[in-house]
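J.: Sending over a structure as structure tokens; questions will come in a sec.
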Amino acid sequence: MIKTYLMKGKLLTWNIGKEKLLMFAMDFIEFITVLVSIPIAYYITSHFLGYFNYEWKFDPSQFAFFSILIMVSWFVLFRVISMAKLPKAQRHLTLFFHFVRVNFLNLLVLIILKLVFNLQSIPVIFILFLVPVSMLITYAIRMVAFKKLKIFRGNGNSLRHAILIADGCSAGIIDKFIAQKDWGYKVESIVTSSGKIKEKYGGAFKIHSDSFGLKAILDNQVIDEVIYTKNRTDEEEVSRLVEICSEVGVIFRLHSCVPQSDPEDIRLKPVNKQKQLALVDIPSNNMPLIIKNMADIYFSLTAVILLAPLFLIIAVIIKLESRGPVFFKQERIGLRGRKFRLYKFRTMVADAESHLEKLKESNEMDGPAFKMKDDPRVTVFGKFLRKTGLDEFPQLINVITGEMSLIGPRPPIESEVRQYERWQLRRLSVKPGITCTWQITPNRNEVRFDKWMQLDLNYIDNWSLAGDLKLLFKTIGTIFFASGR
């Protein structure tokens, strides 16, 4: 049902990969910049305190430890809140004030870290000098990167895929979407019954005569947003479009007034300097989501550092038990059909994929997913890794790179997604996670596929930080008590 959807996901992943490479290069430059800012701030602080005849009781070990905390804090805050994804179109002054807000938050975080770790030899004035010094230098780098990335996006890379619902008065906004490529949108098709629009844009875009075919389009393409640009709003049509979009978690934007719709989250928000109503049928409470993203990266970075010795031991045992690589890499489907490479510790024999077809008759899971309690391909140590959930730990790398979250629906493989019913596609409207409600369900392999999908949709509809924390603790319990399957 969604072959084109998955093929588009592969192309989109390639473009995103190019932008990630640019962002990685910029992150590396900024890392060096922030690193250089530390001795500069130390120099300024020493002279400032000396001017007032105040002796800084310098402790090299505390200073080194605090420098590490500075780098971690910078990495997390600037990736999650600030410019990990540079905005599509904003004025430089707006970006500057946003940058100031983020750096103020960074200042508060560093002061809290100083107090939590009781770093008495680190004066607060050092932090007060460090933050503005690093801010000014990194802001200058960001502005250069912002201009380069606008050119990158202007050339048609890393775009949000959109469908426009238009009438005869929509030519102006369509022209803007075509001309302003740095907005970050790519118009995939136009839905209109206007002869004027068909004549003007028929050679450049796919034109659909009415919105009744929208459901099929969303099923077969990677579409991020449906944008209603008609001069007059047909309430019956909008209600139908809202329902179609909400089924698969696609954002619906409206340039006009919108009828009352109780079940949905409809918010007025600025987009490219214009006020629009946006319907988002996915978790959209901004601050809790920011906290979730920060926690994902903080926790993953800390876990990777602390568990490195354990990872090394696991790697050695895997190599000693059977031939083949330490890590199992597999292409999975993530947010709205975007493809990415998932990492796990290998728990099966090296040629496990070639034996799958022979075992399909023994599948214990209904639906497209394959689950088998006593899978003969699983190694002895692999059974232990699976039972404890330790095989999933390399996915912390996927979390750090932004492809996954700690908590969220498990990422499916392409062959499973091809067999999804339409209502099941909405589980792809959020980032996939390492663990989820199904993952900590007792005897999870006995849960019917439709029930599994419903558990994921319930998670999306009722998402909260408290719920994520509860799932995380239950997952940790599964690891310690080896109750997984």
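We label chains A, B, ... in the order they appear in the structure tokens, count residues from 1 in each chain, and number ligands from 1 in the order shown.
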Write down as an MDAnalysis selection string the residues of segment 295-430 of chain A whose backbone DSSP state falls under strand (DSSP E).
T.: chainID A and resid 327:333 339:345 405:407
J.: Show which residues sit within 9 Å of Glu403 of chain A, as number ranges by chain. Count only C-alpha atoms, and ignore same-chain residues fewer than 6 positions away.
T.: A: 334-335, 340-342, 397, 431-432
J.: Please measure the separation of atom CA of His161 of chain A and atom CA of Phe177 of chain A, giving the value in Å to one decimal.
T.: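 Between atom CA of His161 of chain A and atom CA of Phe177 of chain A the gap is 11.3 Å.
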J.: Sort by chain and increasing residue number a table of all residues of segment 370-396 of chain A within 10 Å of segment 310-330 of chain A, each with its closest pair of atoms and their distance in Å to one decimal, counting only C-alpha atoms, and write it as JSON lines.
T.:
{"residue": "A:Thr379", "atom": "CA", "partner": "A:Ser322", "partner_atom": "CA", "distance": 8.0}
{"residue": "A:Val380", "atom": "CA", "partner": "A:Glu321", "partner_atom": "CA", "distance": 8.3}
{"residue": "A:Phe381", "atom": "CA", "partner": "A:Ile318", "partner_atom": "CA", "distance": 7.3}
{"residue": "A:Gly382", "atom": "CA", "partner": "A:Ile318", "partner_atom": "CA", "distance": 8.1}
{"residue": "A:Leu385", "atom": "CA", "partner": "A:Ile314", "partner_atom": "CA", "distance": 8.9}
{"residue": "A:Leu390", "atom": "CA", "partner": "A:Ile314", "partner_atom": "CA", "distance": 9.0}
{"residue": "A:Asp391", "atom": "CA", "partner": "A:Phe327", "partner_atom": "CA", "distance": 9.2}
{"residue": "A:Phe393", "atom": "CA", "partner": "A:Phe311", "partner_atom": "CA", "distance": 8.6}
{"residue": "A:Pro394", "atom": "CA", "partner": "A:Phe327", "partner_atom": "CA", "distance": 8.1}
J.: Mind dumping the selected residues with C-alpha atoms as a CSV table (one decimal), in the first residue's frame?
T.:
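File produced: selection13.csv:
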chain,number,residue,atom,x,y,z
A,379,THR,CA,22.8,-17.7,20.1
A,380,VAL,CA,23.1,-18.8,23.8
A,381,PHE,CA,24.5,-15.4,24.9
A,382,GLY,CA,22.0,-13.7,22.5
A,385,LEU,CA,21.0,-10.2,25.9
A,390,LEU,CA,20.9,-5.4,26.8
A,391,ASP,CA,20.9,-6.0,23.0
A,393,PHE,CA,21.7,-0.5,24.3
A,394,PRO,CA,23.6,0.5,21.1
J.: Figure out the distance between atom CA of Glu331 of chain A and atom CA of Lys387 of chain A, please, to one decimal in Å.
T.: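 We find that atom CA of Lys387 of chain A and atom CA of Glu331 of chain A lie 22.8 Å from each other.
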J.: Take atom CA of Pro409 of chain A and atom CA of Tyr298 of chain A and report the distance between them in Å, one decimal.
T.: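 About the pair atom CA of Pro409 of chain A and atom CA of Tyr298 of chain A: they are 20.4 Å apart.
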J.: Please determine, counting only C-alpha atoms, which residue among A:Trp438, A:Tyr139, A:Phe370, A:Tyr43 has the shortest atom-to-atom distance to Val100 of chain A.
T.: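 Of all the options, A:Tyr139 lies closest to Val100 of chain A.
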J.: Write out as a PyMOL selection string all residues of segment 103-254 of chain A that backbone DSSP assigns to helix (DSSP H, G or I).
T.: chain A and resi 103-116+124-154+171-179+181-183+195-201+211-220+235-248
J.: So that I can check the surroundings of Gly168 of chain A, please list as a list in words every protein, DNA and RNA residue that reaches within 7 Å of it, counting only C-alpha atoms and ignoring chain neighbours fewer than 3 positions away.
T.: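 Close residues of Gly168 of chain A: Ala171, Ser194, Lys196 and Ile197 of chain A.
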J.: Could the residues in this selection be saved with C-alpha atoms as a PDB file, in the first residue's frame?
T.:
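Ended up saving to part_37.pdb:
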ATOM      1  CA  ALA A 171      -1.850  31.651  -6.899  1.00  0.00           C
ATOM      2  CA  SER A 194      -9.762  25.750 -10.347  1.00  0.00           C
ATOM      3  CA  LYS A 196      -6.850  28.871 -13.551  1.00  0.00           C
ATOM      4  CA  ILE A 197      -4.583  26.992 -11.095  1.00  0.00           C
TER       5      ILE A 197
END
J.: Counting only C-alpha atoms, which residues in segment 392-469 of chain A sit no more than 10 Å from segment 216-240 of chain A? For each one, give the nearest pair of atoms and the distance in Å, sorted by chain then residue number, as a tab-separated table.
T.:
residue	atom	partner	partner_atom	distance
A:Glu421	CA	A:Asp219	CA	9.6
A:Arg422	CA	A:Asp219	CA	7.1
A:Leu425	CA	A:Asp219	CA	8.3
A:Ser429	CA	A:Asp224	CA	9.3
J.: So that I can check the surroundings of Ser121 of chain A, please list as a PyMOL selection string every protein, DNA and RNA residue that reaches within 10 Å of it, counting only C-alpha atoms and ignoring chain neighbours fewer than 3 positions away.
T.: chain A and resi 56-63+114+118+124
J.: Near Lys198 of chain A, within 10 Å and counting only C-alpha atoms, which residues show up once chain neighbours fewer than 4 positions away are dropped, as an mmCIF file with C-alpha atoms, in the first residue's frame?
T.:
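Written out: result-v7.cif:
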data_model
loop_
_atom_site.group_PDB
_atom_site.id
_atom_site.type_symbol
_atom_site.label_atom_id
_atom_site.label_comp_id
_atom_site.auth_asym_id
_atom_site.auth_seq_id
_atom_site.Cartn_x
_atom_site.Cartn_y
_atom_site.Cartn_z
ATOM 1 C CA ASP A 167 -8.675 27.571 -5.230
ATOM 2 C CA GLY A 168 -8.499 30.323 -7.852
ATOM 3 C CA ILE A 190 -1.817 20.726 -5.566
ATOM 4 C CA VAL A 191 -5.421 19.751 -4.941
ATOM 5 C CA THR A 192 -7.754 22.128 -6.769
ATOM 6 C CA SER A 193 -10.813 22.336 -9.016
ATOM 7 C CA SER A 194 -9.762 25.750 -10.347
ATOM 8 C CA GLY A 202 -0.205 21.907 -14.312
ATOM 9 C CA GLY A 203 3.164 21.657 -16.025
ATOM 10 C CA ALA A 204 5.160 21.959 -12.789
ATOM 11 C CA PHE A 205 3.114 19.971 -10.272
ATOM 12 C CA LYS A 206 0.800 17.016 -10.035
ATOM 13 C CA ILE A 207 -2.721 18.429 -9.955
ATOM 14 C CA HIS A 208 -5.570 16.540 -8.291
ATOM 15 C CA SER A 209 -9.091 17.649 -9.084
#
J.: Do a neighbour search on Phe117 of chain A at 10 Å with only C-alpha atoms, toss out local chain neighbours closer than 4 positions, and write the hits as a PyMOL selection string.
T.: chain A and resi 62+65-66+112-113
